[in-house]
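Raw my_file-v5.tsv, TSV, C-alpha atoms:
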chain	number	residue	atom	x	y	z
A	3	MET	CA	156.16	42.81	95.22
A	4	ASN	CA	154.33	41.70	98.39
A	5	ASN	CA	153.28	38.13	99.08
A	6	LEU	CA	149.56	38.78	98.50
A	7	ARG	CA	150.22	40.17	95.04
A	8	VAL	CA	152.28	37.10	94.11
A	9	ILE	CA	149.48	34.88	95.41
A	10	ASN	CA	146.92	36.87	93.39
A	11	ILE	CA	148.91	36.34	90.20
A	12	PHE	CA	148.59	32.58	90.66
A	13	CYS	CA	145.06	32.62	92.07
A	14	PHE	CA	143.44	34.93	89.50
A	15	LEU	CA	145.67	35.76	86.55
A	16	PHE	CA	146.93	32.23	85.95
A	17	PRO	CA	143.39	30.79	85.61
A	18	PHE	CA	142.48	33.72	83.35
A	19	CYS	CA	145.47	33.10	81.07
A	20	GLY	CA	144.79	29.37	81.14
A	21	THR	CA	141.24	29.81	79.84
A	22	VAL	CA	142.27	32.36	77.19
A	23	LEU	CA	144.85	29.89	75.86
A	24	ASN	CA	142.51	26.91	76.38
A	25	LEU	CA	145.16	24.98	78.30
A	26	GLN	CA	142.57	22.47	79.47
A	27	ALA	CA	141.77	21.27	75.93
A	28	LEU	CA	145.43	21.34	74.88
A	29	SER	CA	146.48	19.29	77.90
A	30	ALA	CA	143.75	16.75	77.11
A	31	LEU	CA	145.07	16.47	73.56
A	32	TYR	CA	148.80	16.27	74.26
A	33	ILE	CA	149.05	14.96	77.84
A	34	SER	CA	145.99	13.21	79.25
A	35	GLU	CA	142.33	13.66	80.16
A	36	THR	CA	143.27	13.29	83.82
A	37	ILE	CA	145.69	16.22	83.67
A	38	SER	CA	143.05	18.25	81.84
A	39	GLN	CA	140.50	17.62	84.58
A	40	LEU	CA	143.05	18.38	87.31
A	41	LEU	CA	143.85	21.63	85.53
A	42	ALA	CA	140.17	22.61	85.40
A	43	TYR	CA	139.65	21.80	89.09
A	44	GLY	CA	142.95	23.50	89.89
A	45	PHE	CA	141.79	26.76	88.31
A	46	ILE	CA	138.63	26.69	90.42
A	47	ALA	CA	140.60	25.87	93.58
A	48	LEU	CA	142.97	28.77	92.90
A	49	LEU	CA	140.09	31.19	92.39
A	50	LEU	CA	138.37	30.08	95.59
A	51	ALA	CA	141.63	30.39	97.51
A	52	GLY	CA	142.11	33.87	96.09
A	53	ILE	CA	138.60	34.89	97.15
A	54	VAL	CA	139.26	33.73	100.72
A	55	LEU	CA	142.66	35.44	100.91
A	56	ASN	CA	141.34	38.73	99.50
A	57	ARG	CA	138.07	39.03	101.40
A	58	LYS	CA	139.61	41.41	103.98
A	59	VAL	CA	141.48	43.61	101.50
A	60	MET	CA	138.65	44.24	99.05
A	61	GLY	CA	138.22	47.76	97.76
A	62	GLU	CA	135.04	49.50	96.64
A	63	THR	CA	133.02	47.17	94.41
A	64	SER	CA	131.16	47.76	91.14
A	65	LYS	CA	127.38	48.07	91.18
A	66	THR	CA	127.20	47.04	87.53
A	67	ALA	CA	129.27	43.90	88.17
A	68	LYS	CA	127.01	43.07	91.14
A	69	LEU	CA	124.10	42.60	88.72
A	70	TRP	CA	125.65	39.29	87.64
A	71	PHE	CA	124.79	37.85	91.06
A	72	VAL	CA	121.17	38.92	90.62
A	73	PHE	CA	121.13	37.21	87.22
A	74	TYR	CA	122.65	34.00	88.61
A	75	ALA	CA	120.15	33.99	91.49
A	76	PHE	CA	117.27	34.05	88.99
A	77	TYR	CA	119.02	31.57	86.71
A	78	TYR	CA	119.62	28.90	89.34
A	79	CYS	CA	116.25	29.38	90.98
A	80	PHE	CA	114.26	28.79	87.78
A	81	ALA	CA	116.68	26.43	86.02
A	82	THR	CA	116.99	24.11	89.04
A	83	LEU	CA	113.20	23.94	89.30
A	84	ALA	CA	112.97	23.27	85.55
A	85	SER	CA	115.56	20.49	85.76
A	86	ALA	CA	113.52	18.78	88.46
A	87	ILE	CA	110.17	19.18	86.67
A	88	HIS	CA	111.43	18.11	83.22
A	89	ASP	CA	113.76	15.47	84.66
A	90	ASN	CA	116.69	16.94	82.74
A	91	PRO	CA	120.15	16.16	84.15
A	92	ALA	CA	121.67	19.24	85.77
A	93	GLN	CA	125.43	19.62	85.35
A	94	ILE	CA	125.63	21.88	88.40
A	95	LEU	CA	129.39	21.61	88.94
A	96	ALA	CA	130.18	22.59	85.34
A	97	SER	CA	127.55	25.34	85.33
A	98	ILE	CA	128.93	27.15	88.40
A	99	ILE	CA	132.42	27.57	86.89
A	100	PRO	CA	131.51	30.90	85.18
A	101	LEU	CA	129.92	32.06	88.46
A	102	ILE	CA	133.17	31.33	90.34
A	103	TYR	CA	135.08	33.40	87.76
A	104	VAL	CA	132.58	36.22	88.24
A	105	LEU	CA	132.93	36.09	92.02
A	106	GLY	CA	136.71	35.76	91.84
A	107	PHE	CA	137.29	38.75	89.59
A	108	TYR	CA	134.59	40.74	91.37
A	109	VAL	CA	136.81	40.44	94.45
A	110	TYR	CA	140.18	40.76	92.68
A	111	LEU	CA	139.31	43.77	90.51
A	112	SER	CA	137.89	45.76	93.43
A	113	VAL	CA	141.50	46.88	94.07
A	114	PRO	CA	142.51	49.63	91.56
A	115	GLN	CA	146.11	48.37	91.20
A	116	ASN	CA	144.79	44.94	90.27
A	117	ARG	CA	142.70	46.43	87.46
A	118	LYS	CA	145.81	47.99	85.91
A	119	LEU	CA	147.72	44.71	86.10
A	120	PHE	CA	144.75	42.76	84.72
A	121	GLU	CA	144.54	45.03	81.67
A	122	LYS	CA	148.22	44.40	80.88
A	123	VAL	CA	147.92	40.65	81.37
A	124	ALA	CA	144.74	40.52	79.26
A	125	LEU	CA	146.47	42.49	76.48
A	126	VAL	CA	149.44	40.12	76.34
A	127	THR	CA	147.44	36.89	76.67
A	128	LEU	CA	144.80	37.82	74.08
A	129	LEU	CA	147.59	38.91	71.73
A	130	ILE	CA	149.38	35.57	72.17
A	131	SER	CA	146.14	33.71	71.42
A	132	ALA	CA	145.57	35.76	68.25
A	133	LEU	CA	149.15	35.22	67.04
A	134	LEU	CA	148.90	31.50	67.83
A	135	SER	CA	145.91	31.33	65.47
A	136	ILE	CA	148.16	32.42	62.61
A	137	TYR	CA	150.87	29.89	63.45
A	138	LEU	CA	148.44	27.02	63.96
A	139	ALA	CA	146.68	27.80	60.68
A	140	LYS	CA	150.03	27.86	58.84
A	141	ILE	CA	151.05	24.44	60.18
A	142	ASN	CA	147.54	23.13	59.38
A	143	TRP	CA	146.71	22.44	63.02
A	144	SER	CA	143.14	22.07	64.22
A	145	LEU	CA	141.73	21.08	67.59
A	146	ASP	CA	138.84	19.37	65.80
A	147	TYR	CA	141.28	17.11	63.96
A	148	LYS	CA	143.38	16.49	67.09
A	149	GLY	CA	146.51	18.20	65.77
A	150	VAL	CA	148.10	18.72	62.35
A	151	HIS	CA	145.63	17.71	59.65
A	152	ILE	CA	146.54	16.04	56.35
A	153	TYR	CA	144.19	18.35	54.46
A	154	THR	CA	144.16	22.13	54.34
A	155	VAL	CA	142.41	23.72	57.31
A	156	ASP	CA	139.93	26.12	55.72
A	157	ARG	CA	139.36	28.45	58.68
A	158	ALA	CA	141.67	29.31	61.55
A	159	GLY	CA	140.12	28.11	64.78
A	160	GLY	CA	143.06	28.98	66.99
A	161	VAL	CA	143.45	27.12	70.26
A	162	TYR	CA	139.64	26.77	70.48
A	163	GLY	CA	139.02	24.75	67.32
A	164	ASP	CA	136.24	27.20	66.43
A	165	ALA	CA	136.56	30.04	63.92
A	166	ASN	CA	134.01	32.35	65.56
A	167	SER	CA	135.59	31.94	69.01
A	168	ALA	CA	139.00	32.69	67.47
A	169	ALA	CA	137.54	35.75	65.71
A	170	LEU	CA	136.13	37.09	68.98
A	171	VAL	CA	139.53	36.76	70.66
A	172	CYS	CA	141.18	38.55	67.71
A	173	ILE	CA	138.77	41.47	68.08
A	174	LEU	CA	139.33	41.65	71.85
A	175	ALA	CA	143.10	41.47	71.31
A	176	PHE	CA	142.90	44.34	68.80
A	177	LEU	CA	140.86	46.48	71.21
A	178	PHE	CA	143.19	45.90	74.16
A	179	VAL	CA	146.35	46.53	72.11
A	180	TYR	CA	144.82	49.61	70.49
A	181	LYS	CA	143.84	51.13	73.84
A	182	GLY	CA	146.37	49.69	76.27
A	183	PHE	CA	149.60	49.87	74.27
A	184	LYS	CA	150.49	53.58	74.07
A	185	PRO	CA	154.09	53.86	72.82
A	186	ILE	CA	155.96	57.16	72.69
A	187	LYS	CA	159.10	56.25	70.73
A	188	PRO	CA	158.74	55.79	66.94
A	189	ILE	CA	160.15	52.25	67.01
A	190	PHE	CA	157.48	51.11	69.47
A	191	LYS	CA	154.78	52.88	67.46
A	192	LEU	CA	155.92	50.77	64.51
A	193	VAL	CA	155.75	47.66	66.71
A	194	LYS	CA	152.17	48.55	67.63
A	195	LEU	CA	151.20	48.92	63.96
A	196	VAL	CA	152.77	45.56	63.14
A	197	LEU	CA	150.94	43.87	66.03
A	198	LEU	CA	147.60	45.37	64.98
A	199	ALA	CA	148.21	44.27	61.39
A	200	LEU	CA	148.99	40.72	62.54
A	201	ILE	CA	145.81	40.62	64.62
A	202	VAL	CA	143.77	41.74	61.59
A	203	TYR	CA	145.47	39.04	59.50
A	204	SER	CA	144.59	36.48	62.17
A	205	LEU	CA	140.96	37.66	62.00
A	206	VAL	CA	140.97	37.35	58.21
A	207	LEU	CA	142.15	33.73	58.49
A	208	THR	CA	139.04	32.87	60.52
A	209	PHE	CA	136.80	33.82	57.57
A	210	SER	CA	134.18	34.78	60.16
A	211	THR	CA	131.39	36.89	58.67
A	212	THR	CA	130.27	37.90	62.17
A	213	GLY	CA	133.87	38.77	63.05
A	214	PHE	CA	134.30	41.05	60.03
A	215	PHE	CA	131.01	42.81	60.81
A	216	VAL	CA	131.87	43.38	64.49
A	217	PHE	CA	135.43	44.45	63.68
A	218	THR	CA	134.18	47.14	61.29
A	219	ILE	CA	131.92	48.56	64.01
A	220	SER	CA	134.77	48.46	66.54
A	221	ILE	CA	137.13	50.36	64.23
A	222	MET	CA	134.53	53.08	63.70
A	223	LEU	CA	133.88	53.43	67.44
A	224	LEU	CA	137.57	53.55	68.36
A	225	ASN	CA	138.21	56.22	65.74
A	226	HIS	CA	135.09	58.29	66.34
A	227	LYS	CA	137.15	61.48	66.71
A	228	ILE	CA	138.27	61.45	63.07
A	229	PHE	CA	134.71	61.75	61.81
A	230	SER	CA	134.52	65.51	61.30
A	231	PRO	CA	131.74	66.88	59.01
A	232	LYS	CA	134.12	67.02	56.02
A	233	ARG	CA	135.39	63.49	56.60
A	234	ILE	CA	131.85	62.17	57.03
A	235	LEU	CA	130.98	63.74	53.66
A	236	LEU	CA	134.05	62.10	52.13
A	237	VAL	CA	133.03	58.75	53.58
A	238	ILE	CA	129.53	59.15	52.11
A	239	VAL	CA	131.08	59.82	48.71
A	240	LEU	CA	133.42	56.83	48.98
A	241	ILE	CA	130.81	54.38	50.29
A	242	PRO	CA	129.45	53.52	46.80
A	243	LEU	CA	132.98	52.70	45.60
A	244	PHE	CA	133.68	50.62	48.69
A	245	TYR	CA	130.36	48.83	48.32
A	246	LEU	CA	131.05	48.18	44.63
A	247	ALA	CA	134.40	46.64	45.55
A	248	LEU	CA	132.82	44.39	48.18
A	249	ILE	CA	130.09	43.03	45.91
A	250	ASN	CA	132.83	42.17	43.41
A	251	LEU	CA	134.95	40.56	46.10
A	252	ASN	CA	134.92	37.19	44.34
A	253	ASP	CA	136.58	38.72	41.28
A	254	LEU	CA	139.08	40.67	43.37
A	255	VAL	CA	140.34	37.53	45.17
A	256	SER	CA	140.17	35.25	42.14
A	257	GLY	CA	143.96	35.20	41.92
A	258	PHE	CA	144.40	33.98	45.50
A	259	ASP	CA	144.92	30.30	46.28
A	260	LEU	CA	141.76	29.82	48.33
A	261	THR	CA	139.98	26.58	49.14
A	262	THR	CA	136.36	25.97	48.14
A	263	PRO	CA	134.99	26.58	51.68
A	264	GLN	CA	136.97	29.84	51.87
A	265	ARG	CA	135.51	31.01	48.57
A	266	ASP	CA	132.08	30.01	49.84
A	267	LYS	CA	132.55	32.30	52.85
A	268	ILE	CA	133.48	35.18	50.53
A	269	SER	CA	130.40	34.44	48.40
A	270	ASN	CA	128.39	34.53	51.63
A	271	ILE	CA	129.59	38.07	52.34
A	272	VAL	CA	128.66	39.12	48.78
A	273	ASN	CA	125.21	37.55	49.16
A	274	MET	CA	124.63	39.50	52.37
A	275	LEU	CA	125.72	42.80	50.78
A	276	THR	CA	123.50	42.25	47.76
A	277	PHE	CA	120.56	41.18	49.99
A	278	ASN	CA	120.47	37.78	48.33
A	279	THR	CA	119.21	36.28	51.58
A	280	LYS	CA	118.11	32.98	50.03
A	281	GLU	CA	121.74	32.17	49.25
A	282	VAL	CA	123.19	33.29	52.59
A	283	ASP	CA	124.73	30.35	54.45
A	284	ASN	CA	124.48	30.68	58.24
A	285	SER	CA	126.23	27.35	58.88
A	286	GLY	CA	122.99	25.66	59.92
A	287	ARG	CA	122.33	28.08	62.78
A	288	ASP	CA	118.78	28.74	61.60
A	289	ALA	CA	117.99	25.06	62.15
A	290	LEU	CA	119.69	25.16	65.56
A	291	LEU	CA	117.71	28.27	66.51
A	292	ASP	CA	114.41	26.72	65.34
A	293	ASN	CA	115.16	23.66	67.45
A	294	LEU	CA	116.00	25.86	70.46
A	295	LEU	CA	112.83	27.94	70.05
A	296	LYS	CA	110.76	24.76	70.10
A	297	TYR	CA	111.90	24.14	73.68
A	298	VAL	CA	111.40	27.81	74.57
A	299	TYR	CA	107.75	27.64	73.46
A	300	GLU	CA	107.21	24.43	75.43
A	301	SER	CA	108.42	25.94	78.72
A	302	PRO	CA	108.61	29.75	78.49
A	303	ILE	CA	108.19	30.52	82.20
A	304	ILE	CA	110.67	28.31	84.04
A	305	GLY	CA	112.75	27.02	81.13
A	306	ASN	CA	114.13	23.53	80.68
A	307	GLY	CA	116.99	23.25	83.15
A	308	ILE	CA	120.58	24.14	84.00
A	309	ASP	CA	122.82	24.23	80.90
A	310	PHE	CA	120.05	22.66	78.82
A	311	THR	CA	121.02	24.81	75.82
A	312	VAL	CA	124.61	23.58	76.03
A	313	SER	CA	123.45	19.96	75.95
A	314	ILE	CA	121.47	20.49	72.73
A	315	LYS	CA	124.07	22.86	71.21
A	316	GLY	CA	121.76	25.83	70.83
A	317	HIS	CA	124.50	28.25	69.66
A	318	ASN	CA	122.61	31.31	70.87
A	319	THR	CA	123.38	32.81	74.27
A	320	VAL	CA	120.38	35.17	74.48
A	321	VAL	CA	117.68	32.67	73.51
A	322	GLY	CA	119.62	30.05	75.46
A	323	VAL	CA	119.12	31.93	78.72
A	324	MET	CA	115.35	31.76	78.23
A	325	ALA	CA	115.52	28.12	77.14
A	326	ASP	CA	117.41	27.27	80.34
A	327	ALA	CA	115.64	29.43	82.91
A	328	GLY	CA	112.59	31.11	81.40
A	329	ILE	CA	111.39	34.56	80.47
A	330	PHE	CA	111.98	36.28	83.83
A	331	THR	CA	115.64	35.29	83.85
A	332	LEU	CA	115.98	36.53	80.27
A	333	LEU	CA	114.48	39.90	81.27
A	334	VAL	CA	116.99	40.18	84.13
A	335	PHE	CA	119.81	39.31	81.71
A	336	LEU	CA	118.70	41.94	79.18
A	337	PHE	CA	118.27	44.52	81.95
A	338	MET	CA	121.83	43.82	83.12
A	339	LEU	CA	123.20	44.30	79.59
A	340	SER	CA	121.23	47.53	79.23
A	341	LYS	CA	122.82	48.83	82.43
A	342	TYR	CA	126.24	48.09	80.95
A	343	TYR	CA	125.38	50.18	77.88
A	344	ARG	CA	123.75	52.96	79.89
A	345	ASN	CA	126.72	53.31	82.26
A	346	ALA	CA	129.19	53.08	79.39
A	347	LEU	CA	127.47	56.00	77.65
A	348	LYS	CA	127.84	58.07	80.84
A	349	SER	CA	131.61	57.52	80.88
A	350	SER	CA	134.34	59.71	79.44
A	351	ASP	CA	134.86	59.31	75.69
A	352	ASP	CA	138.04	57.28	76.05
A	353	VAL	CA	136.40	54.68	78.29
A	354	CYS	CA	132.98	54.87	76.65
A	355	PHE	CA	134.02	53.88	73.13
A	356	PHE	CA	136.48	51.23	74.31
A	357	VAL	CA	133.82	49.56	76.48
A	358	LEU	CA	131.12	49.91	73.80
A	359	SER	CA	133.43	48.20	71.30
A	360	ILE	CA	133.88	45.25	73.68
A	361	LEU	CA	130.19	45.11	74.59
A	362	ILE	CA	129.01	45.15	70.99
A	363	ALA	CA	131.49	42.40	70.11
A	364	LEU	CA	130.33	40.21	72.99
A	365	CYS	CA	126.63	40.85	72.39
A	366	VAL	CA	126.74	40.24	68.62
A	367	PHE	CA	128.64	36.99	69.13
A	368	MET	CA	125.97	35.99	71.66
A	369	LEU	CA	123.69	35.45	68.68
A	370	SER	CA	125.97	32.79	67.19
A	371	LEU	CA	127.88	31.38	70.18
A	372	GLN	CA	126.59	29.69	73.31
A	373	SER	CA	129.96	30.05	75.05
A	374	VAL	CA	129.99	33.84	75.57
A	375	ILE	CA	128.81	33.60	79.19
A	376	ASN	CA	130.23	30.13	79.75
A	377	GLN	CA	133.90	30.98	79.27
A	378	GLY	CA	135.82	32.08	82.36
A	379	TYR	CA	138.01	34.65	80.60
A	380	LEU	CA	135.00	36.34	78.98
A	381	MET	CA	133.29	36.62	82.37
A	382	ALA	CA	136.46	38.20	83.76
A	383	ILE	CA	136.36	40.75	80.93
A	384	PHE	CA	132.68	41.47	81.67
A	385	ILE	CA	133.60	42.21	85.30
A	386	TYR	CA	136.62	44.29	84.24
A	387	ILE	CA	134.60	46.62	81.99
A	388	ALA	CA	131.95	46.93	84.73
A	389	TYR	CA	134.61	48.28	87.11
A	390	LEU	CA	136.02	50.45	84.34
A	391	ILE	CA	132.76	52.25	83.59
A	392	ASP	CA	131.57	52.53	87.21
A	393	PHE	CA	134.73	54.12	88.53
A	394	ASP	CA	135.25	56.27	85.47
A	395	ASN	CA	131.71	57.59	86.00
A	396	LYS	CA	132.58	58.32	89.61
A	397	ARG	CA	135.69	60.30	88.64
A	398	TYR	CA	133.76	62.04	85.88
A	399	SER	CA	131.03	63.13	88.33
A	400	LEU	CA	133.59	64.39	90.87
A	401	ASN	CA	135.31	66.47	88.19
A	402	GLU	CA	131.99	68.04	87.19
A	403	ILE	CA	131.28	68.92	90.84
A	404	LYS	CA	134.71	70.52	91.24
A	405	GLN	CA	134.24	72.54	88.05
Once you've parsed the file, please lay out its structure as structure tokens.
Amino acid sequence: MNNLRVINIFCFLFPFCGTVLNLQALSALYISETISQLLAYGFIALLLAGIVLNRKVMGETSKTAKLWFVFYAFYYCFATLASAIHDNPAQILASIIPLIYVLGFYVYLSVPQNRKLFEKVALVTLLISALLSIYLAKINWSLDYKGVHIYTVDRAGGVYGDANSAALVCILAFLFVYKGFKPIKPIFKLVKLVLLALIVYSLVLTFSTTGFFVFTISIMLLNHKIFSPKRILLVIVLIPLFYLALINLNDLVSGFDLTTPQRDKISNIVNMLTFNTKEVDNSGRDALLDNLLKYVYESPIIGNGIDFTVSIKGHNTVVGVMADAGIFTLLVFLFMLSKYYRNALKSSDDVCFFVLSILIALCVFMLSLQSVINQGYLMAIFIYIAYLIDFDNKRYSLNEIKQ
């Protein structure tokens, strides 16, 4: 292993793993706030050092990934102006952290060998995070309660202290293990099944309605090949039975030792399936969205300022982009996402359905989480799938020309 590759592991992969495992928050809890801040600045310093060291060895870059720089140009142009006009404090240093991750992995993943190593590291780290969620839930640990809680923790929040964030990581872990771990020997095939089952169990412990919905879509996309005409007919026949079981979910789990909030989440799923929308509990997100839309209507062109949505806890990435930087930035953001989908659909089946599963998971969670484009590891995954689809399309086109 050459010196540059060793340096890259520390400069890029270590910060990625650190954000997946939320080392900054854990260090603040168990060591000190000072160490936590040093860790955060250290990750940024490592990424910047990696960018400088790799600028001369960059490979061919991704056009889809490059669209992030167009988005950030619009975002900072309008949001900075909005911050000045509305006299809203601009947390510029905190807001550029995702941009540095984008730039860092845009450089790092331009080398094909780095993309292969990144996929393996992402698989292992996401898996560890998902398995940690199980352990932490079993010992009644919660980041919100600063450690082991005296009462039962109702929903697994993993190392993030948030059930939906933990659910998103579980889904990503499942997708990476499903695609990236391809054992040949029977014993390792069994290991893979056990790991996938544990990830699903971790997802169940989050009691995330959004997570269950996204996971179902992901499973169908990953297994699209099994849907032959006969099997589709069988599924159509079985759907009423499956639906009947789901709307009677409360009775089916009546024997389990569940807490009141856990049973409320199950009732929420039943209410959604039976279209009892008046009883559906969205954890107060409708009120948060109404509050966010109020600011959108007040300043639809230039927005309200850098990271304004984070400061008011908007919990909606898509609307949050417009609230921060106006309608034009939102249109650029939506155009960028559409290019992801369009290029994914042009890819080979293996890449297409894997990337679509990740994209759908990220985009659906954008409607309930503000942190989808604010987390460094998620931005690294966005850049990774951009490279994956662009260079798979290139190989696919070359094969068609040869044929």
Grab the atom CA of Tyr389 of chain A to atom CA of Ala363 of chain A distance for me, in Å with one decimal place.
18.3 Å
I'd like the contact shell of Ser340 of chain A - 12 Å cut-off, only C-alpha atoms, skipping same-chain residues fewer than 4 positions apart - returned as a PyMOL selection string.
chain A and resi 66+69+333-336+344-347+358+361-362+365
Contact residues around Tyr110 of chain A with all atoms listed in the file at 8 Å, ignoring same-chain residues under 3 positions, as a compact mmCIF listing (two decimals) with C-alpha atoms, in the frame of the given file:
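Result file is part-v4.txt:
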# COMPACT_ATOMS: atom_id res chain seq x y z
CA ASN A 10 146.92 36.87 93.39
CA PHE A 14 143.44 34.93 89.50
CA GLY A 52 142.11 33.87 96.09
CA ILE A 53 138.60 34.89 97.15
CA ASN A 56 141.34 38.73 99.50
CA MET A 60 138.65 44.24 99.05
CA GLY A 106 136.71 35.76 91.84
CA PHE A 107 137.29 38.75 89.59
CA VAL A 113 141.50 46.88 94.07
CA ASN A 116 144.79 44.94 90.27
Please produce, as a Markdown table, a per-residue contact table for segment 95-154 of chain A versus segment 18-28 of chain A (criterion: any atom at most 10 Å away, all atoms listed in the file considered), showing the nearest atom pair and its distance in Å to one decimal, sorted by chain then residue number.
| residue | atom | partner | partner_atom | distance |
| --- | --- | --- | --- | --- |
| A:Tyr103 | CA | A:Phe18 | CA | 8.6 |
| A:Phe107 | CA | A:Phe18 | CA | 9.5 |
| A:Phe120 | CA | A:Phe18 | CA | 9.4 |
| A:Val123 | CA | A:Cys19 | CA | 7.9 |
| A:Ala124 | CA | A:Cys19 | CA | 7.7 |
| A:Val126 | CA | A:Cys19 | CA | 9.3 |
| A:Thr127 | CA | A:Cys19 | CA | 6.1 |
| A:Leu128 | CA | A:Val22 | CA | 6.8 |
| A:Ile130 | CA | A:Leu23 | CA | 8.1 |
| A:Ser131 | CA | A:Leu23 | CA | 6.0 |
| A:Ala132 | CA | A:Leu23 | CA | 9.6 |
| A:Leu134 | CA | A:Leu23 | CA | 9.1 |
| A:Leu145 | CA | A:Leu28 | CA | 8.2 |
| A:Lys148 | CA | A:Leu28 | CA | 9.4 |
| A:Gly149 | CA | A:Leu28 | CA | 9.7 |
Which residue gives the smallest distance to Leu105 of chain A among A:Ala67, A:Leu294, A:Ile11, A:Leu371, with only C-alpha atoms counted?
A:Ala67
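Nearest to Val171 of chain A of all the residues A:Val320, A:Leu205, A:Ile303, A:Leu192 is A:Leu205, based on all atoms listed in the file.
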So how many Å separate atom CA of Leu95 of chain A and atom CA of Tyr43 of chain A, to one decimal?
10.3 Å
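One distance worth recording is that between atom CA of Lys348 of chain A and atom CA of Ile329 of chain A, which is 28.7 Å.
Proximity to Ala327 of chain A was assessed for A:Ile46, A:Ile141, A:Leu83, A:Leu224 counting all atoms listed in the file; the smallest distance is recorded for A:Leu83.
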Excluding Leu200 of chain A and its own-chain neighbours fewer than 2 positions away, which residues fall within 10 Å of it when counting all atoms listed in the file? Please give them as a PyMOL selection string.
chain A and resi 129+132-133+136+172+176+194-198+202-206
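When only C-alpha atoms are used to compute distances to Thr218 of chain A, the closest of the residues A:Leu177, A:Leu101, A:Met381, A:Val312 turns out to be A:Leu177.
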